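Participant: Contents of entry-v1.pdb (PDB, N, CA and C atoms and all ligand atoms) are given next:
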```
ATOM      1  N   MET A   1     -67.900   0.485   1.745  1.00  0.00           N
ATOM      2  CA  MET A   1     -66.614   0.286   1.070  1.00  0.00           C
ATOM      3  C   MET A   1     -66.712  -0.901   0.123  1.00  0.00           C
ATOM      4  N   ASN A   2     -66.208  -0.739  -1.037  1.00  0.00           N
ATOM      5  CA  ASN A   2     -66.159  -1.817  -2.025  1.00  0.00           C
ATOM      6  C   ASN A   2     -65.252  -2.933  -1.503  1.00  0.00           C
ATOM      7  N   PRO A   3     -65.808  -4.135  -1.333  1.00  0.00           N
ATOM      8  CA  PRO A   3     -64.979  -5.208  -0.756  1.00  0.00           C
ATOM      9  C   PRO A   3     -63.813  -5.628  -1.645  1.00  0.00           C
ATOM     10  N   ASN A   4     -63.896  -5.297  -2.946  1.00  0.00           N
ATOM     11  CA  ASN A   4     -62.797  -5.644  -3.849  1.00  0.00           C
ATOM     12  C   ASN A   4     -61.672  -4.620  -3.822  1.00  0.00           C
ATOM     13  N   GLU A   5     -61.947  -3.531  -3.136  1.00  0.00           N
ATOM     14  CA  GLU A   5     -60.946  -2.472  -3.123  1.00  0.00           C
ATOM     15  C   GLU A   5     -59.968  -2.714  -1.981  1.00  0.00           C
ATOM     16  N   GLN A   6     -58.711  -2.661  -2.296  1.00  0.00           N
ATOM     17  CA  GLN A   6     -57.703  -2.822  -1.262  1.00  0.00           C
ATOM     18  C   GLN A   6     -57.709  -1.574  -0.386  1.00  0.00           C
ATOM     19  N   PRO A   7     -57.739  -1.753   0.898  1.00  0.00           N
ATOM     20  CA  PRO A   7     -57.625  -0.559   1.746  1.00  0.00           C
ATOM     21  C   PRO A   7     -56.290   0.122   1.489  1.00  0.00           C
ATOM     22  N   GLU A   8     -56.346   1.396   1.303  1.00  0.00           N
ATOM     23  CA  GLU A   8     -55.111   2.105   0.974  1.00  0.00           C
ATOM     24  C   GLU A   8     -54.290   2.346   2.231  1.00  0.00           C
ATOM     25  N   PHE A   9     -53.036   2.048   2.105  1.00  0.00           N
ATOM     26  CA  PHE A   9     -52.139   2.238   3.243  1.00  0.00           C
ATOM     27  C   PHE A   9     -51.484   3.594   3.102  1.00  0.00           C
ATOM     28  N   ASN A  10     -51.956   4.510   3.895  1.00  0.00           N
ATOM     29  CA  ASN A  10     -51.391   5.851   3.831  1.00  0.00           C
ATOM     30  C   ASN A  10     -50.177   5.944   4.732  1.00  0.00           C
ATOM     31  N   LEU A  11     -49.045   5.823   4.113  1.00  0.00           N
ATOM     32  CA  LEU A  11     -47.815   5.860   4.888  1.00  0.00           C
ATOM     33  C   LEU A  11     -47.405   7.303   5.118  1.00  0.00           C
ATOM     34  N   ASP A  12     -47.323   7.629   6.369  1.00  0.00           N
ATOM     35  CA  ASP A  12     -46.895   8.970   6.733  1.00  0.00           C
ATOM     36  C   ASP A  12     -45.415   8.889   7.121  1.00  0.00           C
ATOM     37  N   PHE A  13     -44.570   9.432   6.289  1.00  0.00           N
ATOM     38  CA  PHE A  13     -43.128   9.292   6.540  1.00  0.00           C
ATOM     39  C   PHE A  13     -42.676   9.972   7.821  1.00  0.00           C
ATOM     40  N   SER A  14     -43.483  10.906   8.293  1.00  0.00           N
ATOM     41  CA  SER A  14     -43.096  11.540   9.554  1.00  0.00           C
ATOM     42  C   SER A  14     -43.252  10.567  10.720  1.00  0.00           C
ATOM     43  N   GLN A  15     -44.008   9.486  10.470  1.00  0.00           N
ATOM     44  CA  GLN A  15     -44.206   8.463  11.506  1.00  0.00           C
ATOM     45  C   GLN A  15     -43.134   7.369  11.434  1.00  0.00           C
ATOM     46  N   THR A  16     -42.233   7.498  10.486  1.00  0.00           N
ATOM     47  CA  THR A  16     -41.208   6.472  10.336  1.00  0.00           C
ATOM     48  C   THR A  16     -39.868   7.055  10.772  1.00  0.00           C
ATOM     49  N   GLU A  17     -38.936   6.178  11.034  1.00  0.00           N
ATOM     50  CA  GLU A  17     -37.599   6.684  11.316  1.00  0.00           C
ATOM     51  C   GLU A  17     -36.628   6.026  10.354  1.00  0.00           C
ATOM     52  N   GLU A  18     -35.616   6.747  10.007  1.00  0.00           N
ATOM     53  CA  GLU A  18     -34.649   6.218   9.064  1.00  0.00           C
ATOM     54  C   GLU A  18     -33.869   5.084   9.714  1.00  0.00           C
ATOM     55  N   TYR A  19     -33.738   4.015   8.961  1.00  0.00           N
ATOM     56  CA  TYR A  19     -32.963   2.873   9.447  1.00  0.00           C
ATOM     57  C   TYR A  19     -31.581   2.955   8.841  1.00  0.00           C
ATOM     58  N   VAL A  20     -30.590   2.877   9.671  1.00  0.00           N
ATOM     59  CA  VAL A  20     -29.223   2.921   9.166  1.00  0.00           C
ATOM     60  C   VAL A  20     -28.518   1.618   9.497  1.00  0.00           C
ATOM     61  N   CYS A  21     -27.478   1.334   8.760  1.00  0.00           N
ATOM     62  CA  CYS A  21     -26.711   0.114   8.980  1.00  0.00           C
ATOM     63  C   CYS A  21     -26.176   0.079  10.411  1.00  0.00           C
ATOM     64  N   PRO A  22     -26.448  -1.011  11.141  1.00  0.00           N
ATOM     65  CA  PRO A  22     -25.967  -1.091  12.518  1.00  0.00           C
ATOM     66  C   PRO A  22     -24.439  -1.207  12.603  1.00  0.00           C
ATOM     67  N   GLU A  23     -23.800  -1.572  11.505  1.00  0.00           N
ATOM     68  CA  GLU A  23     -22.338  -1.737  11.523  1.00  0.00           C
ATOM     69  C   GLU A  23     -21.610  -0.436  11.235  1.00  0.00           C
ATOM     70  N   CYS A  24     -22.087   0.298  10.229  1.00  0.00           N
ATOM     71  CA  CYS A  24     -21.317   1.466   9.790  1.00  0.00           C
ATOM     72  C   CYS A  24     -22.143   2.745   9.723  1.00  0.00           C
ATOM     73  N   GLY A  25     -23.474   2.647   9.954  1.00  0.00           N
ATOM     74  CA  GLY A  25     -24.301   3.840   9.948  1.00  0.00           C
ATOM     75  C   GLY A  25     -24.696   4.320   8.569  1.00  0.00           C
ATOM     76  N   HIS A  26     -24.371   3.557   7.540  1.00  0.00           N
ATOM     77  CA  HIS A  26     -24.721   3.932   6.176  1.00  0.00           C
ATOM     78  C   HIS A  26     -26.235   3.873   5.995  1.00  0.00           C
ATOM     79  N   LYS A  27     -26.768   4.751   5.151  1.00  0.00           N
ATOM     80  CA  LYS A  27     -28.219   4.884   5.020  1.00  0.00           C
ATOM     81  C   LYS A  27     -28.815   4.168   3.823  1.00  0.00           C
ATOM     82  N   HIS A  28     -27.995   3.628   2.964  1.00  0.00           N
ATOM     83  CA  HIS A  28     -28.530   3.021   1.748  1.00  0.00           C
ATOM     84  C   HIS A  28     -28.322   1.511   1.768  1.00  0.00           C
ATOM     85  N   PHE A  29     -29.330   0.840   1.246  1.00  0.00           N
ATOM     86  CA  PHE A  29     -29.285  -0.614   1.199  1.00  0.00           C
ATOM     87  C   PHE A  29     -29.508  -1.067  -0.231  1.00  0.00           C
ATOM     88  N   THR A  30     -29.003  -2.206  -0.520  1.00  0.00           N
ATOM     89  CA  THR A  30     -29.139  -2.742  -1.861  1.00  0.00           C
ATOM     90  C   THR A  30     -29.677  -4.163  -1.750  1.00  0.00           C
ATOM     91  N   GLN A  31     -30.481  -4.563  -2.722  1.00  0.00           N
ATOM     92  CA  GLN A  31     -31.031  -5.911  -2.660  1.00  0.00           C
ATOM     93  C   GLN A  31     -30.014  -6.913  -3.175  1.00  0.00           C
ATOM     94  N   VAL A  32     -29.784  -7.910  -2.377  1.00  0.00           N
ATOM     95  CA  VAL A  32     -28.881  -8.988  -2.764  1.00  0.00           C
ATOM     96  C   VAL A  32     -29.622 -10.297  -2.503  1.00  0.00           C
ATOM     97  N   PHE A  33     -29.022 -11.370  -2.906  1.00  0.00           N
ATOM     98  CA  PHE A  33     -29.678 -12.655  -2.720  1.00  0.00           C
ATOM     99  C   PHE A  33     -28.804 -13.587  -1.913  1.00  0.00           C
ATOM    100  N   LYS A  34     -29.432 -14.223  -0.935  1.00  0.00           N
ATOM    101  CA  LYS A  34     -28.812 -15.386  -0.333  1.00  0.00           C
ATOM    102  C   LYS A  34     -29.242 -16.568  -1.178  1.00  0.00           C
ATOM    103  N   MET A  35     -28.445 -17.587  -1.203  1.00  0.00           N
ATOM    104  CA  MET A  35     -28.794 -18.768  -1.988  1.00  0.00           C
ATOM    105  C   MET A  35     -28.961 -19.963  -1.059  1.00  0.00           C
ATOM    106  N   ARG A  36     -30.041 -20.677  -1.257  1.00  0.00           N
ATOM    107  CA  ARG A  36     -30.260 -21.912  -0.520  1.00  0.00           C
ATOM    108  C   ARG A  36     -30.072 -23.054  -1.496  1.00  0.00           C
ATOM    109  N   LYS A  37     -29.345 -24.042  -1.048  1.00  0.00           N
ATOM    110  CA  LYS A  37     -29.146 -25.209  -1.910  1.00  0.00           C
ATOM    111  C   LYS A  37     -30.100 -26.308  -1.481  1.00  0.00           C
ATOM    112  N   LEU A  38     -30.814 -26.833  -2.452  1.00  0.00           N
ATOM    113  CA  LEU A  38     -31.704 -27.960  -2.190  1.00  0.00           C
ATOM    114  C   LEU A  38     -31.011 -29.196  -2.723  1.00  0.00           C
ATOM    115  N   SER A  39     -30.800 -30.150  -1.833  1.00  0.00           N
ATOM    116  CA  SER A  39     -30.029 -31.320  -2.260  1.00  0.00           C
ATOM    117  C   SER A  39     -30.803 -32.138  -3.293  1.00  0.00           C
ATOM    118  N   ALA A  40     -30.068 -32.841  -4.099  1.00  0.00           N
ATOM    119  CA  ALA A  40     -30.660 -33.651  -5.167  1.00  0.00           C
ATOM    120  C   ALA A  40     -31.645 -34.673  -4.593  1.00  0.00           C
ATOM    121  N   MET A  41     -31.383 -35.144  -3.355  1.00  0.00           N
ATOM    122  CA  MET A  41     -32.266 -36.108  -2.706  1.00  0.00           C
ATOM    123  C   MET A  41     -33.679 -35.563  -2.540  1.00  0.00           C
ATOM    124  N   LEU A  42     -33.768 -34.240  -2.258  1.00  0.00           N
ATOM    125  CA  LEU A  42     -35.062 -33.637  -1.939  1.00  0.00           C
ATOM    126  C   LEU A  42     -35.691 -32.909  -3.112  1.00  0.00           C
ATOM    127  N   ALA A  43     -34.888 -32.596  -4.116  1.00  0.00           N
ATOM    128  CA  ALA A  43     -35.407 -31.811  -5.233  1.00  0.00           C
ATOM    129  C   ALA A  43     -36.332 -32.670  -6.098  1.00  0.00           C
ATOM    130  N   PRO A  44     -37.464 -32.108  -6.511  1.00  0.00           N
ATOM    131  CA  PRO A  44     -38.385 -32.875  -7.349  1.00  0.00           C
ATOM    132  C   PRO A  44     -37.777 -33.297  -8.681  1.00  0.00           C
ATOM    133  N   THR A  45     -36.810 -32.526  -9.172  1.00  0.00           N
ATOM    134  CA  THR A  45     -36.187 -32.836 -10.447  1.00  0.00           C
ATOM    135  C   THR A  45     -35.093 -33.880 -10.309  1.00  0.00           C
ATOM    136  N   GLY A  46     -34.668 -34.156  -9.064  1.00  0.00           N
ATOM    137  CA  GLY A  46     -33.563 -35.080  -8.857  1.00  0.00           C
ATOM    138  C   GLY A  46     -32.208 -34.435  -9.055  1.00  0.00           C
ATOM    139  N   ASN A  47     -32.197 -33.141  -9.341  1.00  0.00           N
ATOM    140  CA  ASN A  47     -30.940 -32.407  -9.479  1.00  0.00           C
ATOM    141  C   ASN A  47     -30.824 -31.403  -8.341  1.00  0.00           C
ATOM    142  N   GLU A  48     -29.608 -31.087  -7.985  1.00  0.00           N
ATOM    143  CA  GLU A  48     -29.410 -30.031  -6.991  1.00  0.00           C
ATOM    144  C   GLU A  48     -30.055 -28.752  -7.497  1.00  0.00           C
ATOM    145  N   SER A  49     -30.744 -28.053  -6.612  1.00  0.00           N
ATOM    146  CA  SER A  49     -31.385 -26.801  -6.993  1.00  0.00           C
ATOM    147  C   SER A  49     -30.901 -25.692  -6.075  1.00  0.00           C
ATOM    148  N   TYR A  50     -30.873 -24.497  -6.614  1.00  0.00           N
ATOM    149  CA  TYR A  50     -30.470 -23.328  -5.835  1.00  0.00           C
ATOM    150  C   TYR A  50     -31.624 -22.343  -5.835  1.00  0.00           C
ATOM    151  N   ILE A  51     -31.964 -21.915  -4.636  1.00  0.00           N
ATOM    152  CA  ILE A  51     -33.125 -21.044  -4.492  1.00  0.00           C
ATOM    153  C   ILE A  51     -32.656 -19.681  -3.974  1.00  0.00           C
ATOM    154  N   PRO A  52     -32.869 -18.622  -4.768  1.00  0.00           N
ATOM    155  CA  PRO A  52     -32.453 -17.295  -4.307  1.00  0.00           C
ATOM    156  C   PRO A  52     -33.434 -16.735  -3.277  1.00  0.00           C
ATOM    157  N   VAL A  53     -32.887 -16.151  -2.230  1.00  0.00           N
ATOM    158  CA  VAL A  53     -33.707 -15.509  -1.191  1.00  0.00           C
ATOM    159  C   VAL A  53     -33.281 -14.044  -1.115  1.00  0.00           C
ATOM    160  N   PRO A  54     -34.163 -13.133  -1.516  1.00  0.00           N
ATOM    161  CA  PRO A  54     -33.771 -11.721  -1.510  1.00  0.00           C
ATOM    162  C   PRO A  54     -33.624 -11.164  -0.096  1.00  0.00           C
ATOM    163  N   VAL A  55     -32.548 -10.461   0.132  1.00  0.00           N
ATOM    164  CA  VAL A  55     -32.325  -9.765   1.404  1.00  0.00           C
ATOM    165  C   VAL A  55     -31.740  -8.395   1.063  1.00  0.00           C
ATOM    166  N   TYR A  56     -31.710  -7.518   2.058  1.00  0.00           N
ATOM    167  CA  TYR A  56     -31.152  -6.192   1.843  1.00  0.00           C
ATOM    168  C   TYR A  56     -29.840  -6.061   2.598  1.00  0.00           C
ATOM    169  N   ALA A  57     -28.839  -5.641   1.878  1.00  0.00           N
ATOM    170  CA  ALA A  57     -27.512  -5.484   2.460  1.00  0.00           C
ATOM    171  C   ALA A  57     -27.111  -4.020   2.427  1.00  0.00           C
ATOM    172  N   CYS A  58     -26.333  -3.617   3.406  1.00  0.00           N
ATOM    173  CA  CYS A  58     -25.780  -2.267   3.433  1.00  0.00           C
ATOM    174  C   CYS A  58     -24.988  -2.029   2.144  1.00  0.00           C
ATOM    175  N   ALA A  59     -25.241  -0.892   1.508  1.00  0.00           N
ATOM    176  CA  ALA A  59     -24.546  -0.598   0.259  1.00  0.00           C
ATOM    177  C   ALA A  59     -23.085  -0.251   0.498  1.00  0.00           C
ATOM    178  N   ASN A  60     -22.723   0.007   1.725  1.00  0.00           N
ATOM    179  CA  ASN A  60     -21.345   0.385   2.036  1.00  0.00           C
ATOM    180  C   ASN A  60     -20.517  -0.809   2.520  1.00  0.00           C
ATOM    181  N   CYS A  61     -20.986  -1.484   3.575  1.00  0.00           N
ATOM    182  CA  CYS A  61     -20.162  -2.558   4.156  1.00  0.00           C
ATOM    183  C   CYS A  61     -20.732  -3.945   3.853  1.00  0.00           C
ATOM    184  N   HIS A  62     -21.884  -3.999   3.183  1.00  0.00           N
ATOM    185  CA  HIS A  62     -22.505  -5.256   2.742  1.00  0.00           C
ATOM    186  C   HIS A  62     -23.010  -6.137   3.879  1.00  0.00           C
ATOM    187  N   THR A  63     -23.104  -5.570   5.065  1.00  0.00           N
ATOM    188  CA  THR A  63     -23.731  -6.301   6.167  1.00  0.00           C
ATOM    189  C   THR A  63     -25.217  -6.436   5.877  1.00  0.00           C
ATOM    190  N   VAL A  64     -25.775  -7.609   6.148  1.00  0.00           N
ATOM    191  CA  VAL A  64     -27.226  -7.774   6.102  1.00  0.00           C
ATOM    192  C   VAL A  64     -27.708  -7.681   7.550  1.00  0.00           C
ATOM    193  N   PRO A  65     -28.369  -6.580   7.911  1.00  0.00           N
ATOM    194  CA  PRO A  65     -28.794  -6.431   9.305  1.00  0.00           C
ATOM    195  C   PRO A  65     -29.779  -7.516   9.703  1.00  0.00           C
ATOM    196  N   GLU A  66     -29.749  -7.871  10.951  1.00  0.00           N
ATOM    197  CA  GLU A  66     -30.546  -8.980  11.475  1.00  0.00           C
ATOM    198  C   GLU A  66     -32.041  -8.876  11.123  1.00  0.00           C
ATOM    199  N   PRO A  67     -32.686  -7.692  11.189  1.00  0.00           N
ATOM    200  CA  PRO A  67     -34.114  -7.646  10.854  1.00  0.00           C
ATOM    201  C   PRO A  67     -34.410  -8.016   9.400  1.00  0.00           C
ATOM    202  N   PHE A  68     -33.408  -7.960   8.528  1.00  0.00           N
ATOM    203  CA  PHE A  68     -33.631  -8.226   7.111  1.00  0.00           C
ATOM    204  C   PHE A  68     -33.323  -9.669   6.744  1.00  0.00           C
ATOM    205  N   LEU A  69     -32.837 -10.424   7.706  1.00  0.00           N
ATOM    206  CA  LEU A  69     -32.522 -11.818   7.388  1.00  0.00           C
ATOM    207  C   LEU A  69     -33.798 -12.641   7.263  1.00  0.00           C
ATOM    208  N   PRO A  70     -33.807 -13.592   6.346  1.00  0.00           N
ATOM    209  CA  PRO A  70     -34.985 -14.463   6.251  1.00  0.00           C
ATOM    210  C   PRO A  70     -35.116 -15.291   7.535  1.00  0.00           C
ATOM    211  N   PRO A  71     -36.338 -15.666   7.891  1.00  0.00           N
ATOM    212  CA  PRO A  71     -36.572 -16.359   9.161  1.00  0.00           C
ATOM    213  C   PRO A  71     -35.787 -17.658   9.307  1.00  0.00           C
ATOM    214  N   ASP A  72     -35.502 -18.321   8.193  1.00  0.00           N
ATOM    215  CA  ASP A  72     -34.801 -19.609   8.285  1.00  0.00           C
ATOM    216  C   ASP A  72     -33.298 -19.434   8.452  1.00  0.00           C
ATOM    217  N   ASN A  73     -32.863 -18.195   8.616  1.00  0.00           N
ATOM    218  CA  ASN A  73     -31.435 -17.945   8.719  1.00  0.00           C
ATOM    219  C   ASN A  73     -30.989 -17.696  10.159  1.00  0.00           C
ATOM    220  N   LYS A  74     -31.916 -17.797  11.084  1.00  0.00           N
ATOM    221  CA  LYS A  74     -31.616 -17.481  12.482  1.00  0.00           C
ATOM    222  C   LYS A  74     -30.699 -18.535  13.085  1.00  0.00           C
TER
HETATM  223 ZN    ZN B   1     -22.832  -0.827   6.689  1.00  0.00          ZN
END
```
For this file, write the structure as structure tokens.
Facilitator:
Amino acid sequence: MNPNEQPEFNLDFSQTEEYVCPECGHKHFTQVFKMRKLSAMLAPTGNESYIPVPVYACANCHTVPEPFLPPDNK
């Protein structure tokens, strides 16, 4: 095998199960952003900074299910 070649991940959808919103059972999710504020004290620029963290929210009720939350949000 060529070491520069990425091993191909053959995803078999029959091996997956559909994930639905735990709140309302909706099947579609949309990418939204949580925002983290970095205080001016800690920011390298000396100004308050806002850092977007992408998460997936239910397209119906906008709940962000627990598995999709960033680790620092626990
Ligand atoms: Zn929902």
Participant: Evaluate the PyMOL selection byres (((chain A and resi 51-61) around 5) and not hetatm) and record the selected residues as a PDB file with N, CA and C atoms, keeping the file's coordinate frame, following the chain and residue labels used in the document.
Facilitator:
```pdb
ATOM      1  N   HIS A  28     -27.995   3.628   2.964  1.00  0.00           N
ATOM      2  CA  HIS A  28     -28.530   3.021   1.748  1.00  0.00           C
ATOM      3  C   HIS A  28     -28.322   1.511   1.768  1.00  0.00           C
ATOM      4  N   PHE A  29     -29.330   0.840   1.246  1.00  0.00           N
ATOM      5  CA  PHE A  29     -29.285  -0.614   1.199  1.00  0.00           C
ATOM      6  C   PHE A  29     -29.508  -1.067  -0.231  1.00  0.00           C
ATOM      7  N   THR A  30     -29.003  -2.206  -0.520  1.00  0.00           N
ATOM      8  CA  THR A  30     -29.139  -2.742  -1.861  1.00  0.00           C
ATOM      9  C   THR A  30     -29.677  -4.163  -1.750  1.00  0.00           C
ATOM     10  N   GLN A  31     -30.481  -4.563  -2.722  1.00  0.00           N
ATOM     11  CA  GLN A  31     -31.031  -5.911  -2.660  1.00  0.00           C
ATOM     12  C   GLN A  31     -30.014  -6.913  -3.175  1.00  0.00           C
ATOM     13  N   VAL A  32     -29.784  -7.910  -2.377  1.00  0.00           N
ATOM     14  CA  VAL A  32     -28.881  -8.988  -2.764  1.00  0.00           C
ATOM     15  C   VAL A  32     -29.622 -10.297  -2.503  1.00  0.00           C
ATOM     16  N   PHE A  33     -29.022 -11.370  -2.906  1.00  0.00           N
ATOM     17  CA  PHE A  33     -29.678 -12.655  -2.720  1.00  0.00           C
ATOM     18  C   PHE A  33     -28.804 -13.587  -1.913  1.00  0.00           C
ATOM     19  N   LYS A  34     -29.432 -14.223  -0.935  1.00  0.00           N
ATOM     20  CA  LYS A  34     -28.812 -15.386  -0.333  1.00  0.00           C
ATOM     21  C   LYS A  34     -29.242 -16.568  -1.178  1.00  0.00           C
ATOM     22  N   MET A  35     -28.445 -17.587  -1.203  1.00  0.00           N
ATOM     23  CA  MET A  35     -28.794 -18.768  -1.988  1.00  0.00           C
ATOM     24  C   MET A  35     -28.961 -19.963  -1.059  1.00  0.00           C
ATOM     25  N   ARG A  36     -30.041 -20.677  -1.257  1.00  0.00           N
ATOM     26  CA  ARG A  36     -30.260 -21.912  -0.520  1.00  0.00           C
ATOM     27  C   ARG A  36     -30.072 -23.054  -1.496  1.00  0.00           C
ATOM     28  N   LYS A  37     -29.345 -24.042  -1.048  1.00  0.00           N
ATOM     29  CA  LYS A  37     -29.146 -25.209  -1.910  1.00  0.00           C
ATOM     30  C   LYS A  37     -30.100 -26.308  -1.481  1.00  0.00           C
ATOM     31  N   SER A  49     -30.744 -28.053  -6.612  1.00  0.00           N
ATOM     32  CA  SER A  49     -31.385 -26.801  -6.993  1.00  0.00           C
ATOM     33  C   SER A  49     -30.901 -25.692  -6.075  1.00  0.00           C
ATOM     34  N   TYR A  50     -30.873 -24.497  -6.614  1.00  0.00           N
ATOM     35  CA  TYR A  50     -30.470 -23.328  -5.835  1.00  0.00           C
ATOM     36  C   TYR A  50     -31.624 -22.343  -5.835  1.00  0.00           C
ATOM     37  N   HIS A  62     -21.884  -3.999   3.183  1.00  0.00           N
ATOM     38  CA  HIS A  62     -22.505  -5.256   2.742  1.00  0.00           C
ATOM     39  C   HIS A  62     -23.010  -6.137   3.879  1.00  0.00           C
ATOM     40  N   THR A  63     -23.104  -5.570   5.065  1.00  0.00           N
ATOM     41  CA  THR A  63     -23.731  -6.301   6.167  1.00  0.00           C
ATOM     42  C   THR A  63     -25.217  -6.436   5.877  1.00  0.00           C
ATOM     43  N   VAL A  64     -25.775  -7.609   6.148  1.00  0.00           N
ATOM     44  CA  VAL A  64     -27.226  -7.774   6.102  1.00  0.00           C
ATOM     45  C   VAL A  64     -27.708  -7.681   7.550  1.00  0.00           C
TER      46      VAL A  64
END
```
Participant: Step one, run DSSP on the backbone; step two, keep only residues of segment 12-65 of chain A assigned to strand (DSSP E or B); then write them as a list in words.
Facilitator: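 Selection result, strand (DSSP E or B) within segment 12-65 of chain A: Phe29, Thr30, Gln31, Val32, Phe33, Lys34, Met35, Arg36, Lys37, Leu38, Ser49, Tyr50, Ile51, Pro52, Val53, Pro54, Val55, Tyr56, Ala57 and Cys58 of chain A.
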Participant: Could you check which of A:Glu66, A:Ala40, A:Asp72, A:Phe9 is closest to Cys21 of chain A, using only C-alpha atoms?
Facilitator: A:Glu66
Participant: Using the chain letters and numbers from this document, which residues of chain A does DSSP assign to helix (DSSP H, G or I), as a compact mmCIF listing (two decimals) with N, CA and C atoms, in the frame of the given file?
Facilitator:
```
# COMPACT_ATOMS: atom_id res chain seq x y z
N PHE A 13 -44.57 9.43 6.29
CA PHE A 13 -43.13 9.29 6.54
C PHE A 13 -42.68 9.97 7.82
N SER A 14 -43.48 10.91 8.29
CA SER A 14 -43.10 11.54 9.55
C SER A 14 -43.25 10.57 10.72
N GLN A 15 -44.01 9.49 10.47
CA GLN A 15 -44.21 8.46 11.51
C GLN A 15 -43.13 7.37 11.43
N GLU A 66 -29.75 -7.87 10.95
CA GLU A 66 -30.55 -8.98 11.48
C GLU A 66 -32.04 -8.88 11.12
N PRO A 67 -32.69 -7.69 11.19
CA PRO A 67 -34.11 -7.65 10.85
C PRO A 67 -34.41 -8.02 9.40
N PHE A 68 -33.41 -7.96 8.53
CA PHE A 68 -33.63 -8.23 7.11
C PHE A 68 -33.32 -9.67 6.74
N PRO A 71 -36.34 -15.67 7.89
CA PRO A 71 -36.57 -16.36 9.16
C PRO A 71 -35.79 -17.66 9.31
N ASP A 72 -35.50 -18.32 8.19
CA ASP A 72 -34.80 -19.61 8.28
C ASP A 72 -33.30 -19.43 8.45
N ASN A 73 -32.86 -18.20 8.62
CA ASN A 73 -31.44 -17.94 8.72
C ASN A 73 -30.99 -17.70 10.16
```
Participant: From the list A:Glu48, A:Ala43, A:Pro22, A:Leu69, which residue is nearest ligand ZN 1 (chain B) when using only C-alpha atoms and all ligand atoms?
Facilitator: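 Among the listed residues, the smallest separation from ligand ZN 1 (chain B) belongs to A:Pro22.
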Participant: For atom C of Phe68 of chain A and atom CA of Val20 of chain A, determine how far apart the two atoms are, in Å to one decimal place.
Facilitator: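 Atom-to-atom, atom C of Phe68 of chain A and atom CA of Val20 of chain A are spaced 13.5 Å apart.
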Participant: Suppose you want the space between atom CA of Glu23 of chain A and atom CA of Pro67 of chain A; what is it in Å?
Facilitator: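 We find that atom CA of Glu23 of chain A and atom CA of Pro67 of chain A lie 13.2 Å from each other.
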Participant: Identify which of the residues A:Leu11, A:Leu38, A:Asn47, A:Pro65 lies closest to ligand ZN 1 (chain B), counting only C-alpha atoms and all ligand atoms when measuring atom-to-atom distances.
Facilitator: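 Closest to ligand ZN 1 (chain B), using only C-alpha atoms and all ligand atoms: A:Pro65.
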Participant: Closest to ligand ZN 1 (chain B) among A:Pro44, A:Glu8, A:Tyr19, A:Gly25, using all atoms listed in the file?
Facilitator: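 When distances to ligand ZN 1 (chain B) are compared using all atoms listed in the file, the smallest one comes from A:Gly25.
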Participant: Using only N, CA and C atoms and all ligand atoms, which of A:His26, A:Pro70, A:Thr45, A:Glu17 sits nearest ligand ZN 1 (chain B)?
Facilitator: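 Closest candidate: A:His26.
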Participant: Atom C of Lys27 of chain A and atom C of Asn10 of chain A, how far apart in Å?
Facilitator: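 Atom-to-atom, atom C of Asn10 of chain A and atom C of Lys27 of chain A are spaced 21.5 Å apart.
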Participant: Counting only N, CA and C atoms and all ligand atoms, figure out which residue out of A:Thr16, A:Cys24, A:Gly46, A:Ser39 gets nearest to ligand ZN 1 (chain B).
Facilitator: A:Cys24
Participant: Box for segment 61-65 of chain A: with edges along x, y and z, all listed atoms inside and 6 Å added on each side, what are the centre and edge lengths in Å to one decimal, as AutoDock Vina command-line options?
Facilitator:
```
--center_x -25.0 --center_y -4.6 --center_z 6.2 --size_x 21.6 --size_y 18.3 --size_z 19.0
```
